[in-house]
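Novice: Pasting upload-v4.pdb here (PDB, C-alpha atoms and all ligand atoms):
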```
ATOM      1  CA  MET A   3      38.106 -22.172 -66.043
ATOM      2  CA  GLU A   4      41.862 -22.167 -66.516
ATOM      3  CA  ILE A   5      43.595 -19.202 -64.921
ATOM      4  CA  THR A   6      46.694 -17.659 -66.453
ATOM      5  CA  MET A   7      48.783 -14.540 -65.966
ATOM      6  CA  GLU A   8      46.838 -12.968 -68.856
ATOM      7  CA  ASN A   9      43.311 -13.511 -67.530
ATOM      8  CA  PHE A  10      43.624 -13.743 -63.734
ATOM      9  CA  ALA A  11      42.852 -10.087 -63.044
ATOM     10  CA  LYS A  12      39.444 -10.401 -64.729
ATOM     11  CA  MET A  13      38.281 -13.339 -62.609
ATOM     12  CA  LYS A  14      35.817 -13.121 -59.755
ATOM     13  CA  TYR A  15      37.365 -14.384 -56.523
ATOM     14  CA  ASP A  16      35.383 -15.233 -53.442
ATOM     15  CA  VAL A  17      38.287 -13.857 -51.398
ATOM     16  CA  PHE A  18      36.607 -13.828 -48.014
ATOM     17  CA  SER A  19      35.756 -17.484 -48.187
ATOM     18  CA  MET A  20      39.039 -18.366 -49.928
ATOM     19  CA  PHE A  21      41.088 -17.139 -46.980
ATOM     20  CA  ASN A  22      38.742 -17.390 -44.052
ATOM     21  CA  GLU A  23      36.975 -20.685 -44.775
ATOM     22  CA  GLN A  24      39.022 -22.523 -47.335
ATOM     23  CA  TRP A  25      42.475 -21.443 -46.028
ATOM     24  CA  ALA A  26      45.672 -21.484 -48.070
ATOM     25  CA  LEU A  27      49.338 -22.342 -47.802
ATOM     26  CA  CYS A  28      51.870 -19.555 -47.830
ATOM     27  CA  THR A  29      55.232 -20.966 -48.888
ATOM     28  CA  ALA A  30      58.269 -18.730 -48.581
ATOM     29  CA  GLY A  31      61.607 -19.203 -50.259
ATOM     30  CA  GLY A  32      63.038 -21.079 -53.222
ATOM     31  CA  PRO A  33      64.629 -24.375 -54.081
ATOM     32  CA  LYS A  34      67.535 -23.981 -51.628
ATOM     33  CA  GLU A  35      65.445 -23.204 -48.556
ATOM     34  CA  TYR A  36      61.698 -22.929 -48.156
ATOM     35  CA  ASN A  37      58.974 -23.420 -45.596
ATOM     36  CA  THR A  38      55.223 -23.505 -45.721
ATOM     37  CA  MET A  39      52.412 -22.692 -43.310
ATOM     38  CA  THR A  40      48.646 -22.455 -43.352
ATOM     39  CA  ILE A  41      47.126 -18.996 -43.529
ATOM     40  CA  GLY A  42      43.597 -17.822 -42.909
ATOM     41  CA  TRP A  43      44.342 -14.136 -43.260
ATOM     42  CA  GLY A  44      45.115 -12.522 -46.585
ATOM     43  CA  THR A  45      44.009  -9.889 -49.052
ATOM     44  CA  MET A  46      44.052  -9.447 -52.812
ATOM     45  CA  GLY A  47      44.017  -6.066 -54.529
ATOM     46  CA  THR A  48      46.031  -3.329 -56.147
ATOM     47  CA  ILE A  49      48.546  -0.715 -55.033
ATOM     48  CA  TRP A  50      51.075   1.792 -56.335
ATOM     49  CA  GLY A  51      49.944   2.689 -59.797
ATOM     50  CA  PRO A  52      47.624   4.975 -61.707
ATOM     51  CA  ALA A  53      44.050   3.819 -62.301
ATOM     52  CA  ASN A  54      44.010   0.498 -64.165
ATOM     53  CA  HIS A  55      47.773   0.095 -63.819
ATOM     54  CA  GLY A  56      48.248  -0.621 -60.130
ATOM     55  CA  LYS A  57      50.466  -3.495 -59.058
ATOM     56  CA  GLN A  58      48.353  -6.582 -58.471
ATOM     57  CA  ILE A  59      49.160  -7.909 -55.041
ATOM     58  CA  ILE A  60      48.420 -10.475 -52.394
ATOM     59  CA  THR A  61      49.136  -9.463 -48.812
ATOM     60  CA  VAL A  62      49.776 -12.066 -46.133
ATOM     61  CA  PHE A  63      50.115 -11.610 -42.372
ATOM     62  CA  LEU A  64      52.697 -13.853 -40.719
ATOM     63  CA  ARG A  65      53.622 -13.707 -37.050
ATOM     64  CA  GLU A  66      57.222 -13.010 -36.081
ATOM     65  CA  SER A  67      57.533 -16.466 -34.530
ATOM     66  CA  ARG A  68      56.837 -18.345 -37.784
ATOM     67  CA  ARG A  69      59.625 -20.151 -39.588
ATOM     68  CA  THR A  70      57.935 -18.987 -42.793
ATOM     69  CA  SER A  71      58.374 -15.313 -41.875
ATOM     70  CA  ASP A  72      62.054 -15.923 -41.013
ATOM     71  CA  ILE A  73      62.554 -17.144 -44.564
ATOM     72  CA  LEU A  74      60.455 -14.451 -46.197
ATOM     73  CA  LEU A  75      62.509 -11.774 -44.448
ATOM     74  CA  LYS A  76      65.552 -13.094 -46.334
ATOM     75  CA  ASP A  77      63.980 -14.228 -49.611
ATOM     76  CA  ASP A  78      61.882 -12.312 -52.106
ATOM     77  CA  TYR A  79      59.480 -15.007 -53.263
ATOM     78  CA  PHE A  80      56.421 -16.655 -51.834
ATOM     79  CA  THR A  81      53.434 -18.556 -53.156
ATOM     80  CA  VAL A  82      49.841 -18.581 -51.974
ATOM     81  CA  CYS A  83      48.200 -21.905 -52.852
ATOM     82  CA  PHE A  84      44.551 -22.919 -52.534
ATOM     83  CA  PHE A  85      43.608 -26.612 -52.346
ATOM     84  CA  PRO A  86      40.644 -28.905 -52.841
ATOM     85  CA  GLU A  87      38.672 -29.842 -49.737
ATOM     86  CA  GLU A  88      40.340 -33.263 -49.564
ATOM     87  CA  ASN A  89      43.615 -31.565 -48.517
ATOM     88  CA  ARG A  90      42.121 -29.828 -45.489
ATOM     89  CA  LYS A  91      43.756 -32.303 -43.093
ATOM     90  CA  ASP A  92      47.131 -31.468 -44.669
ATOM     91  CA  LEU A  93      46.509 -27.759 -44.132
ATOM     92  CA  GLY A  94      45.579 -28.562 -40.519
ATOM     93  CA  ILE A  95      48.955 -30.256 -40.022
ATOM     94  CA  LEU A  96      50.946 -27.467 -41.681
ATOM     95  CA  GLY A  97      49.050 -24.936 -39.577
ATOM     96  CA  SER A  98      49.801 -26.625 -36.253
ATOM     97  CA  LYS A  99      53.409 -27.778 -36.630
ATOM     98  CA  SER A 100      56.275 -25.335 -37.061
ATOM     99  CA  GLY A 101      59.186 -25.962 -39.376
ATOM    100  CA  LYS A 102      61.309 -24.829 -36.405
ATOM    101  CA  ASP A 103      60.371 -28.027 -34.544
ATOM    102  CA  VAL A 104      59.590 -30.330 -37.457
ATOM    103  CA  PRO A 105      61.737 -29.276 -40.439
ATOM    104  CA  ASP A 106      60.279 -31.994 -42.695
ATOM    105  CA  LYS A 107      56.642 -31.339 -41.727
ATOM    106  CA  ILE A 108      55.533 -31.576 -45.371
ATOM    107  CA  ASN A 109      56.382 -35.295 -45.178
ATOM    108  CA  LEU A 110      53.563 -35.655 -42.658
ATOM    109  CA  THR A 111      51.087 -34.648 -45.385
ATOM    110  CA  ASN A 112      50.009 -35.956 -48.783
ATOM    111  CA  LEU A 113      51.336 -32.844 -50.501
ATOM    112  CA  THR A 114      54.074 -32.773 -53.122
ATOM    113  CA  PRO A 115      56.199 -29.613 -53.350
ATOM    114  CA  LYS A 116      57.167 -28.417 -56.811
ATOM    115  CA  LEU A 117      59.441 -25.696 -58.092
ATOM    116  CA  LEU A 118      57.651 -22.764 -59.757
ATOM    117  CA  ASP A 119      59.997 -20.204 -61.218
ATOM    118  CA  ASN A 120      61.909 -18.851 -58.196
ATOM    119  CA  ALA A 121      59.359 -20.147 -55.745
ATOM    120  CA  VAL A 122      57.824 -23.369 -54.444
ATOM    121  CA  GLY A 123      54.230 -24.537 -54.823
ATOM    122  CA  PHE A 124      52.424 -27.881 -54.672
ATOM    123  CA  GLU A 125      51.243 -30.396 -57.285
ATOM    124  CA  GLU A 126      47.901 -30.752 -55.500
ATOM    125  CA  ALA A 127      47.027 -27.015 -55.402
ATOM    126  CA  LYS A 128      44.060 -26.011 -57.515
ATOM    127  CA  LEU A 129      45.062 -22.348 -57.656
ATOM    128  CA  THR A 130      48.559 -20.924 -57.087
ATOM    129  CA  PHE A 131      49.799 -17.352 -57.055
ATOM    130  CA  VAL A 132      53.548 -16.752 -57.330
ATOM    131  CA  CYS A 133      54.356 -13.468 -55.603
ATOM    132  CA  LYS A 134      57.461 -11.293 -55.405
ATOM    133  CA  LYS A 135      57.783  -9.469 -52.105
ATOM    134  CA  ILE A 136      57.570  -5.710 -52.622
ATOM    135  CA  TYR A 137      56.931  -4.493 -49.076
ATOM    136  CA  THR A 138      57.495  -5.721 -45.518
ATOM    137  CA  HIS A 139      56.164  -4.113 -42.389
ATOM    138  CA  LEU A 140      56.008  -5.286 -38.782
ATOM    139  CA  MET A 141      52.823  -4.233 -37.024
ATOM    140  CA  GLY A 142      53.526  -1.776 -34.209
ATOM    141  CA  LYS A 143      52.075  -2.518 -30.775
ATOM    142  CA  ASP A 144      51.232   1.144 -30.238
ATOM    143  CA  GLU A 145      49.296   1.345 -33.472
ATOM    144  CA  LEU A 146      47.089  -1.648 -32.740
ATOM    145  CA  PRO A 147      43.457  -1.099 -31.823
ATOM    146  CA  ASP A 148      42.629  -1.876 -28.186
ATOM    147  CA  PHE A 149      40.445  -4.827 -29.057
ATOM    148  CA  VAL A 150      43.419  -6.853 -30.307
ATOM    149  CA  ARG A 151      46.382  -5.367 -28.391
ATOM    150  CA  ASP A 152      45.512  -7.162 -25.182
ATOM    151  CA  THR A 153      44.077 -10.294 -26.724
ATOM    152  CA  LEU A 154      45.686 -11.452 -29.961
ATOM    153  CA  TYR A 155      48.953  -9.695 -29.124
ATOM    154  CA  LYS A 156      49.134  -9.814 -25.333
ATOM    155  CA  ASN A 157      52.377 -11.838 -25.623
ATOM    156  CA  GLY A 158      53.797  -9.760 -28.467
ATOM    157  CA  ASP A 159      54.513 -11.942 -31.499
ATOM    158  CA  LEU A 160      53.238  -9.312 -33.902
ATOM    159  CA  HIS A 161      52.396  -9.959 -37.520
ATOM    160  CA  PHE A 162      54.613  -9.039 -40.402
ATOM    161  CA  VAL A 163      52.647  -7.625 -43.315
ATOM    162  CA  PHE A 164      54.174  -8.955 -46.514
ATOM    163  CA  MET A 165      52.881  -7.574 -49.807
ATOM    164  CA  GLY A 166      53.722  -9.583 -52.901
ATOM    165  CA  GLU A 167      53.282  -8.559 -56.496
ATOM    166  CA  ILE A 168      51.624 -11.381 -58.424
ATOM    167  CA  GLU A 169      54.146 -12.590 -61.013
ATOM    168  CA  ASN A 170      52.474 -15.779 -62.119
ATOM    169  CA  VAL A 171      49.269 -17.708 -61.637
ATOM    170  CA  TYR A 172      48.501 -21.387 -62.225
ATOM    171  CA  GLY A 173      45.329 -23.393 -61.877
ATOM    172  CA  THR A 174      41.607 -23.177 -62.276
ATOM    173  CA  ILE A 175      38.689 -21.386 -60.679
ATOM    174  CA  GLY A 176      35.044 -22.427 -60.441
ATOM    175  CA  GLU A 177      33.602 -25.809 -61.470
TER
HETATM  176  C1  LIG B 201      43.360 -22.340 -40.326
HETATM  177  C2  LIG B 201      44.650 -21.693 -39.895
HETATM  178  C3  LIG B 201      44.944 -20.408 -40.291
HETATM  179  C4  LIG B 201      46.136 -19.780 -39.895
HETATM  180  N1  LIG B 201      46.402 -18.501 -40.313
HETATM  181  C5  LIG B 201      47.569 -17.909 -39.961
HETATM  182  C6  LIG B 201      47.894 -16.620 -40.468
HETATM  183  O1  LIG B 201      47.180 -16.016 -41.310
HETATM  184  N2  LIG B 201      49.045 -16.020 -40.017
HETATM  185  C7  LIG B 201      49.879 -16.654 -39.108
HETATM  186  O2  LIG B 201      50.907 -16.074 -38.720
HETATM  187  N3  LIG B 201      49.597 -17.909 -38.652
HETATM  188  C8  LIG B 201      48.484 -18.550 -39.079
HETATM  189  N4  LIG B 201      48.217 -19.833 -38.656
HETATM  190  C9  LIG B 201      49.190 -20.538 -37.789
HETATM  191  C10 LIG B 201      50.401 -21.118 -38.560
HETATM  192  O3  LIG B 201      49.989 -21.794 -39.737
HETATM  193  C11 LIG B 201      51.161 -22.083 -37.649
HETATM  194  O4  LIG B 201      51.632 -21.423 -36.505
HETATM  195  C12 LIG B 201      52.299 -22.816 -38.350
HETATM  196  O5  LIG B 201      52.669 -23.923 -37.560
HETATM  197  C13 LIG B 201      53.515 -21.945 -38.599
HETATM  198  O6  LIG B 201      54.476 -22.718 -39.249
HETATM  199  P1  LIG B 201      55.992 -22.301 -39.426
HETATM  200  O7  LIG B 201      56.538 -21.913 -38.073
HETATM  201  O8  LIG B 201      56.632 -23.562 -39.971
HETATM  202  O9  LIG B 201      56.039 -21.169 -40.392
HETATM  203  C14 LIG B 201      47.049 -20.473 -39.063
HETATM  204  C15 LIG B 201      46.748 -21.792 -38.672
HETATM  205  C16 LIG B 201      45.586 -22.401 -39.098
HETATM  206  C17 LIG B 201      45.303 -23.838 -38.692
END
```
Do you think you could lay out the structure here as structure tokens?

Specialist:
Amino acid sequence: MEITMENFAKMKYDVFSMFNEQWALCTAGGPKEYNTMTIGWGTMGTIWGPANHGKQIITVFLRESRRTSDILLKDDYFTVCFFPEENRKDLGILGSKSGKDVPDKINLTNLTPKLLDNAVGFEEAKLTFVCKKIYTHLMGKDELPDFVRDTLYKNGDLHFVFMGEIENVYGTIGE
């Protein structure tokens, strides 16, 4: 089924498998400067509005060390793109190489970037959300639960929480 800005909020998303199993690309920035990385963490939901009128958001969690978070600190736009299974290898590459070391890492993949409004997505994505950043927060070490403070964050490198209001949606869902 084709997804549009008008109907996307009524669709049923398998969000746990979309992020955790399928993965996605989070691409920050616009035509002048952008960078992409693979994400496995993310949420979809609503915030800041009365019942039925909350802002529809995607939240992503990007570590401080990522080139993508450097760009999203300066720029307001990001996309979250989901891909067919045949692009998994590409997501593996973009999730293991940093744009800090390999600025043209997208050239190592079969993916084709394309301009979407103020943001950048990919021709090959089957579902793309264009998001405008509405909130940024760096996780605080003191606020972390014990079970991650000394494991996931023992060397610092905390996650930024970026909330983006969904401004546009392209693609399809289901068979
Ligand atoms: C399956 C998978 C999921 C990932 N999920 C995240 C994530 O949610 N947040 C994060 O900060 N890094 C995540 N990473 C790691 C980044 O994608 C990786 O460090 C990437 O090279 C960062 O690129 P950049 O420095 O060009 O932004 C994930 C990697 C993989 C392979």

Novice: Within 8 Å of range 157-174 of chain A, counting all atoms listed in the file, which residues qualify if same-chain residues fewer than 5 places away don't, as a ChimeraX atom specification?

Specialist: /A:3-7,10,57-67,71,79-80,127-143

Novice: Could you name the residues that touch range 91-100 of chain A at 7 Å or less, counting all atoms listed in the file, but leaving out those on the same chain fewer than 6 positions away, as a ChimeraX atom specification?

Specialist: /A:39-40,69,107,111-112

Novice: Please define a box with edges along x, y and z of the file around all atoms of ligand LIG 201 (chain B) given in the file, extend it by 6 Å on each side, and return its centre and edge lengths in Å to one decimal, as lines of an AutoDock Vina configuration file.

Specialist:
```
center_x = 50.0
center_y = -20.0
center_z = -38.9
size_x = 25.3
size_y = 19.9
size_z = 16.8
```

Novice: Do you know which residues lie at most 8 Å from (44.3, -27.9, -47.8), with coordinates as in the file and all atoms listed in the file counted, and could you write them as a list in words?

Specialist: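 Residues with an atom at most 8 Å from (44.3, -27.9, -47.8): Gln24, Trp25, Ala26, Leu27, Phe84, Phe85, Pro86, Glu87, Glu88, Asn89, Arg90, Lys91, Asp92, Leu93 and Gly94 of chain A.
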
Novice: Find, counting only C-alpha atoms and all ligand atoms, the residue in A:Leu154, A:Leu146, A:Met13, A:Val122 that gets nearest to ligand LIG 201 (chain B).

Specialist: A:Leu154

Novice: Could I see range 71-100 of chain A restored to N, CA and C atoms, set down as a tab-separated table (two decimals), keeping the file's coordinate frame?

Specialist:
```tsv
chain	number	residue	atom	x	y	z
A	71	SER	N	58.02	-16.74	-41.82
A	71	SER	CA	58.37	-15.31	-41.88
A	71	SER	C	59.88	-15.14	-41.79
A	72	ASP	N	60.58	-16.00	-41.04
A	72	ASP	CA	62.05	-15.92	-41.01
A	72	ASP	C	62.59	-16.01	-42.44
A	73	ILE	N	62.05	-16.94	-43.20
A	73	ILE	CA	62.55	-17.14	-44.56
A	73	ILE	C	62.13	-15.99	-45.46
A	74	LEU	N	60.92	-15.53	-45.30
A	74	LEU	CA	60.46	-14.45	-46.20
A	74	LEU	C	61.15	-13.11	-45.89
A	75	LEU	N	61.72	-12.98	-44.71
A	75	LEU	CA	62.51	-11.77	-44.45
A	75	LEU	C	63.79	-11.78	-45.29
A	76	LYS	N	64.28	-13.00	-45.59
A	76	LYS	CA	65.55	-13.09	-46.33
A	76	LYS	C	65.33	-13.25	-47.83
A	77	ASP	N	64.21	-13.85	-48.21
A	77	ASP	CA	63.98	-14.23	-49.61
A	77	ASP	C	62.86	-13.37	-50.18
A	78	ASP	N	62.87	-13.21	-51.50
A	78	ASP	CA	61.88	-12.31	-52.11
A	78	ASP	C	60.62	-13.01	-52.59
A	79	TYR	N	60.62	-14.33	-52.63
A	79	TYR	CA	59.48	-15.01	-53.26
A	79	TYR	C	58.62	-15.79	-52.29
A	80	PHE	N	57.33	-15.76	-52.55
A	80	PHE	CA	56.42	-16.66	-51.83
A	80	PHE	C	55.28	-17.04	-52.75
A	81	THR	N	54.64	-18.17	-52.42
A	81	THR	CA	53.43	-18.56	-53.16
A	81	THR	C	52.27	-18.60	-52.18
A	82	VAL	N	51.08	-18.38	-52.72
A	82	VAL	CA	49.84	-18.58	-51.97
A	82	VAL	C	49.05	-19.61	-52.77
A	83	CYS	N	48.83	-20.78	-52.16
A	83	CYS	CA	48.20	-21.90	-52.85
A	83	CYS	C	46.88	-22.27	-52.18
A	84	PHE	N	45.86	-22.48	-53.01
A	84	PHE	CA	44.55	-22.92	-52.53
A	84	PHE	C	44.34	-24.37	-52.99
A	85	PHE	N	43.68	-25.16	-52.13
A	85	PHE	CA	43.61	-26.61	-52.35
A	85	PHE	C	42.17	-27.10	-52.37
A	86	PRO	N	41.97	-28.28	-52.95
A	86	PRO	CA	40.64	-28.90	-52.84
A	86	PRO	C	40.37	-29.31	-51.39
A	87	GLU	N	39.09	-29.51	-51.10
A	87	GLU	CA	38.67	-29.84	-49.74
A	87	GLU	C	39.40	-31.08	-49.20
A	88	GLU	N	39.72	-32.02	-50.08
A	88	GLU	CA	40.34	-33.26	-49.56
A	88	GLU	C	41.72	-33.02	-48.93
A	89	ASN	N	42.31	-31.86	-49.14
A	89	ASN	CA	43.62	-31.56	-48.52
A	89	ASN	C	43.50	-30.78	-47.21
A	90	ARG	N	42.27	-30.64	-46.70
A	90	ARG	CA	42.12	-29.83	-45.49
A	90	ARG	C	42.94	-30.38	-44.33
A	91	LYS	N	42.98	-31.71	-44.19
A	91	LYS	CA	43.76	-32.30	-43.09
A	91	LYS	C	45.23	-31.89	-43.22
A	92	ASP	N	45.73	-31.87	-44.45
A	92	ASP	CA	47.13	-31.47	-44.67
A	92	ASP	C	47.35	-30.02	-44.22
A	93	LEU	N	46.38	-29.16	-44.54
A	93	LEU	CA	46.51	-27.76	-44.13
A	93	LEU	C	46.43	-27.64	-42.61
A	94	GLY	N	45.65	-28.54	-41.99
A	94	GLY	CA	45.58	-28.56	-40.52
A	94	GLY	C	46.95	-28.89	-39.93
A	95	ILE	N	47.62	-29.85	-40.52
A	95	ILE	CA	48.96	-30.26	-40.02
A	95	ILE	C	49.96	-29.11	-40.20
A	96	LEU	N	49.95	-28.52	-41.39
A	96	LEU	CA	50.95	-27.47	-41.68
A	96	LEU	C	50.64	-26.17	-40.94
A	97	GLY	N	49.44	-26.10	-40.37
A	97	GLY	CA	49.05	-24.94	-39.58
A	97	GLY	C	49.18	-25.18	-38.08
A	98	SER	N	49.66	-26.37	-37.69
A	98	SER	CA	49.80	-26.62	-36.25
A	98	SER	C	51.22	-27.05	-35.91
A	99	LYS	N	52.01	-27.41	-36.89
A	99	LYS	CA	53.41	-27.78	-36.63
A	99	LYS	C	54.31	-26.73	-37.26
A	100	SER	N	55.34	-26.33	-36.52
A	100	SER	CA	56.28	-25.34	-37.06
A	100	SER	C	57.48	-26.04	-37.67
```
